[in-house]
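The structure file query_25.cif is reproduced below (mmCIF, C-alpha atoms).
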```cif
data_work
#
loop_
_atom_site.label_atom_id
_atom_site.label_comp_id
_atom_site.auth_asym_id
_atom_site.auth_seq_id
_atom_site.Cartn_x
_atom_site.Cartn_y
_atom_site.Cartn_z
CA ASN A 1 85.52 74.90 96.40
CA LYS A 2 85.38 78.41 94.94
CA ALA A 3 82.79 79.55 97.51
CA ARG A 4 85.51 80.00 100.13
CA TYR A 5 86.86 82.87 98.02
CA THR A 6 83.54 84.70 97.76
CA SER A 7 81.61 83.63 100.87
CA THR A 8 80.68 86.39 103.31
CA GLN A 9 80.78 83.88 106.17
CA THR A 10 84.30 82.75 105.24
CA LEU A 11 85.35 86.39 105.06
CA GLU A 12 84.04 87.03 108.58
CA ASP A 13 85.57 83.82 109.95
CA GLU A 14 88.97 84.68 108.48
CA TRP A 15 88.74 88.24 109.76
CA ASP A 16 87.96 87.13 113.31
CA GLY A 17 90.25 84.10 113.40
CA VAL A 18 93.20 85.05 111.20
CA TRP A 19 93.71 88.66 110.13
CA THR A 20 93.04 90.25 113.54
CA GLN A 21 95.03 87.59 115.42
CA CYS A 22 98.34 87.13 113.58
CA TRP A 23 101.39 89.19 112.69
CA LEU A 24 101.01 90.88 109.30
CA PHE A 25 103.75 92.36 107.12
CA ALA A 26 102.81 96.04 106.92
CA GLY A 27 105.72 97.77 105.19
CA LEU A 28 109.41 98.54 105.25
CA VAL A 29 111.44 100.16 108.00
CA SER A 30 113.26 102.14 105.30
CA ASP A 31 109.99 103.90 104.42
CA ILE A 32 109.92 105.66 107.81
CA PRO A 33 113.53 106.69 108.58
CA ASP A 34 112.84 109.90 110.55
CA ALA A 35 110.64 111.04 113.44
CA GLY A 36 107.16 111.81 112.16
CA ASP A 37 107.48 109.67 109.03
CA PHE A 38 104.47 107.41 108.56
CA PHE A 39 102.74 105.01 106.25
CA ARG A 40 99.18 103.75 106.28
CA PHE A 41 98.43 100.03 106.25
CA ASP A 42 94.88 99.12 105.28
CA VAL A 43 93.67 95.58 105.84
CA GLY A 44 90.04 94.51 105.60
CA ARG A 45 87.89 97.10 107.35
CA GLU A 46 90.79 98.52 109.38
CA SER A 47 93.21 101.30 108.65
CA ILE A 48 96.39 101.37 110.71
CA VAL A 49 99.10 104.02 110.74
CA VAL A 50 102.70 103.06 111.41
CA LEU A 51 105.06 105.88 112.32
CA ARG A 52 108.37 106.69 113.91
CA ASN A 53 108.15 108.75 117.11
CA ASP A 54 110.52 111.37 118.53
CA ASP A 55 112.51 108.66 120.35
CA ASP A 56 113.15 106.81 117.07
CA ALA A 57 110.78 103.98 118.06
CA LEU A 58 108.14 102.49 115.79
CA ARG A 59 104.51 102.98 116.82
CA ALA A 60 101.28 101.72 115.28
CA TYR A 61 97.73 102.93 115.93
CA TYR A 62 94.29 102.43 114.52
CA ASN A 63 93.81 105.30 112.10
CA VAL A 64 90.80 106.61 114.01
CA CYS A 65 90.35 109.87 115.92
CA GLN A 66 89.04 109.27 119.42
CA HIS A 67 86.57 112.15 119.12
CA ARG A 68 84.19 111.20 116.31
CA GLY A 69 85.88 108.18 114.75
CA ASN A 70 87.11 109.98 111.64
CA ARG A 71 90.12 108.65 109.73
CA ILE A 72 93.12 110.78 110.63
CA PHE A 73 95.60 109.88 107.91
CA THR A 74 94.26 110.08 104.36
CA ASN A 75 97.62 110.01 102.56
CA GLU A 76 99.34 106.65 102.11
CA SER A 77 102.60 108.03 103.52
CA GLY A 78 104.31 111.22 104.54
CA SER A 79 105.71 113.05 107.54
CA VAL A 80 104.05 114.96 110.38
CA GLY A 81 105.17 116.89 113.46
CA LYS A 82 101.97 115.99 115.33
CA ILE A 83 99.06 113.77 114.47
CA ALA A 84 96.03 115.94 113.63
CA CYS A 85 92.50 114.88 112.79
CA PRO A 86 91.25 116.80 109.73
CA TYR A 87 87.64 116.72 110.99
CA HIS A 88 87.65 118.70 114.27
CA GLY A 89 91.38 119.28 114.74
CA TRP A 90 92.12 117.05 117.72
CA ARG A 91 95.91 116.68 117.89
CA TYR A 92 98.00 113.84 119.25
CA THR A 93 101.72 113.45 119.95
CA LEU A 94 103.73 110.95 117.93
CA ASP A 95 103.32 108.65 120.95
CA GLY A 96 99.54 108.70 120.39
CA GLN A 97 98.70 110.82 123.44
CA LEU A 98 95.86 113.31 123.02
CA ASP A 99 97.56 116.69 123.24
CA THR A 100 95.23 119.43 122.00
CA ILE A 101 91.46 119.78 121.77
CA PRO A 102 90.19 122.92 120.02
CA ASP A 103 87.71 124.79 122.24
CA GLU A 104 88.41 122.29 125.01
CA GLU A 105 86.56 124.41 127.58
CA GLN A 106 83.30 123.87 125.65
CA PHE A 107 83.15 120.14 126.51
CA CYS A 108 80.89 119.25 129.41
CA PRO A 109 81.89 117.10 131.13
CA PRO A 110 85.55 117.87 130.42
CA VAL A 111 87.43 115.42 128.19
CA GLU A 112 89.88 113.23 130.09
CA LYS A 113 92.81 113.38 127.67
CA SER A 114 94.53 110.31 129.13
CA GLU A 115 91.47 108.22 128.24
CA ARG A 116 91.31 109.45 124.64
CA SER A 117 94.75 108.44 123.36
CA LEU A 118 95.00 106.71 120.00
CA LYS A 119 94.34 102.97 120.23
CA PRO A 120 97.62 101.06 119.81
CA VAL A 121 98.40 98.10 117.63
CA GLN A 122 101.40 95.85 118.29
CA VAL A 123 104.33 96.70 116.05
CA ASP A 124 107.75 95.13 115.62
CA GLN A 125 110.43 94.80 112.99
CA TRP A 126 112.48 92.00 111.55
CA ALA A 127 114.92 91.99 108.62
CA GLY A 128 114.01 95.55 107.62
CA MET A 129 110.29 94.77 107.58
CA VAL A 130 107.57 96.27 109.78
CA TRP A 131 104.99 93.85 111.20
CA ILE A 132 101.74 94.66 113.03
CA ASN A 133 99.32 92.63 115.11
CA MET A 134 95.89 93.90 116.16
CA ASP A 135 95.79 91.39 119.04
CA LEU A 136 97.53 93.12 121.95
CA GLU A 137 97.79 89.75 123.74
CA ALA A 138 99.49 87.95 120.83
CA PRO A 139 102.95 86.44 121.40
CA PRO A 140 105.97 88.47 120.26
CA LEU A 141 106.91 88.55 116.58
CA ALA A 142 110.09 86.51 117.09
CA GLN A 143 108.05 83.71 118.66
CA TYR A 144 105.49 83.89 115.84
CA LEU A 145 108.18 83.67 113.15
CA GLY A 146 109.99 80.85 114.97
CA PRO A 147 112.63 79.00 112.92
CA ILE A 148 112.04 81.19 109.86
CA VAL A 149 114.30 83.83 111.43
CA LYS A 150 117.29 81.46 111.54
CA ASN A 151 116.47 79.85 108.19
CA LEU A 152 116.37 83.20 106.35
CA GLU A 153 119.03 85.24 108.18
CA GLY A 154 121.60 84.56 105.44
CA PHE A 155 119.54 86.46 102.88
CA HIS A 156 119.99 89.79 104.77
CA PHE A 157 116.65 91.24 103.67
CA GLU A 158 117.42 94.34 105.76
CA ASN A 159 120.12 95.26 103.20
CA MET A 160 117.84 94.99 100.18
CA LEU A 161 116.24 98.00 98.50
CA LEU A 162 112.67 98.13 97.25
CA ALA A 163 112.56 98.81 93.52
CA LYS A 164 108.82 99.45 93.20
CA HIS A 165 105.64 99.44 95.30
CA GLN A 166 102.83 97.51 93.64
CA THR A 167 99.23 96.89 94.69
CA VAL A 168 96.91 94.39 93.07
CA LEU A 169 93.17 94.45 93.78
CA LEU A 170 91.16 91.28 93.33
CA ASN A 171 87.42 90.72 93.56
CA ALA A 172 87.76 88.10 96.33
CA ASN A 173 87.76 87.91 100.08
#
```

Kindly transcribe the structure held in the file into structure tokens.
Amino acid sequence: NKARYTSTQTLEDEWDGVWTQCWLFAGLVSDIPDAGDFFRFDVGRESIVVLRNDDDALRAYYNVCQHRGNRIFTNESGSVGKIACPYHGWRYTLDGQLDTIPDEEQFCPPVEKSERSLKPVQVDQWAGMVWINMDLEAPPLAQYLGPIVKNLEGFHFENMLLAKHQTVLLNAN
């Protein structure tokens, strides 16, 4: 039935029951080798940024400033020293903590910085690939992948090099 590919209801059902609940391949670990390196992963209505922090750990956040909801990262990839919203200049550390608010003394009541950190997304890596999950309660990636890990370990994907990024847009849900 072709309607499942164009139905608004199917789109919503899949968004709520699949895309926001499972581990999704977001990119390659090799694309973010150094602290501050990032790439943006857009899926459905969400934009997520994956980056490497100062402790060499991977982090993922919704690409949304906690001030006015503006998208923070507009480039697909790059490197930053701090995360800065281009709208009003709120700045966050690479660990997603709100660090600087321009004209902070003008806010009444004062902004509680600890409550305005970037909203995290689960992130993990396997075989040189970065995976994200918007469900913070979802089981770990290794559990999700199950026997695939053992079945594919001989291919050593982590040693492979990407030859070309390619995106295909289709008029479907």

Please evaluate the PyMOL selection byres ((chain A and resi 113) around 12) against the structure above and give the resulting residues as a PyMOL selection string. chain A and resi 66-67+90-93+96-101+104+107+110-112+114-118

May I ask which of the residues A:Asp103, A:Asp56, A:Asp42, A:Asp95 is the closest one to A:Thr74, counting all atoms listed in the file?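 The shortest atom-to-atom distance to A:Thr74 comes from A:Asp42.
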
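Under the PyMOL selection byres ((chain A and resi 41) around 8), the matching residues in the shown file are Ala26, Gly27, Phe39, Arg40, Asp42, Val43, Ser47, Ile48, Val49, Val50 and Glu76 of chain A.
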
Atom CA of A:Gly146 to atom CA of A:Val123: how many Å, to one decimal?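 Calculated distance between atom CA of A:Gly146 and atom CA of A:Val123 is 16.9 Å.
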
Could you state which residues are captured by the PyMOL selection byres ((chain A and resi 157-172) around 10) in this file, as a PyMOL selection string? chain A and resi 3-7+11+28-31+126-129+152-156+173

Residues at most 9 Å from A:Gln21, counting all atoms listed in the file, excluding those fewer than 4 positions away in the same chain, as a PyMOL selection string? chain A and resi 15-17+133-136+138

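For the choices A:Ser77, A:Asn70, A:Asn1, A:Thr8, the atom-to-atom distance to A:Asp37 is smallest for A:Ser77 when using all atoms listed in the file.
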
Can you measure atom CA of A:Ser79 to atom CA of A:Cys65 for me? One decimal in Å is fine.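 Answer for the atom CA of A:Ser79 to atom CA of A:Cys65 separation: 17.8 Å.
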
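From atom CA of A:Gln9 back to atom CA of A:Lys119, the distance works out to 27.3 Å.
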
Would you mind listing what lies within 7 Å of A:Pro120 as a list in words, with only C-alpha atoms counted and same-chain residues fewer than 3 positions away left out?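 My reading of the contact set: Ala60, Tyr61 and Tyr62 of chain A.
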
Measuring atom to atom with all atoms listed in the file, identify which of A:Ala57, A:Val64, A:Ile148, A:Val18 is nearest to A:Val130.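 Nearest candidate to A:Val130 out of A:Ala57, A:Val64, A:Ile148, A:Val18: A:Ala57.
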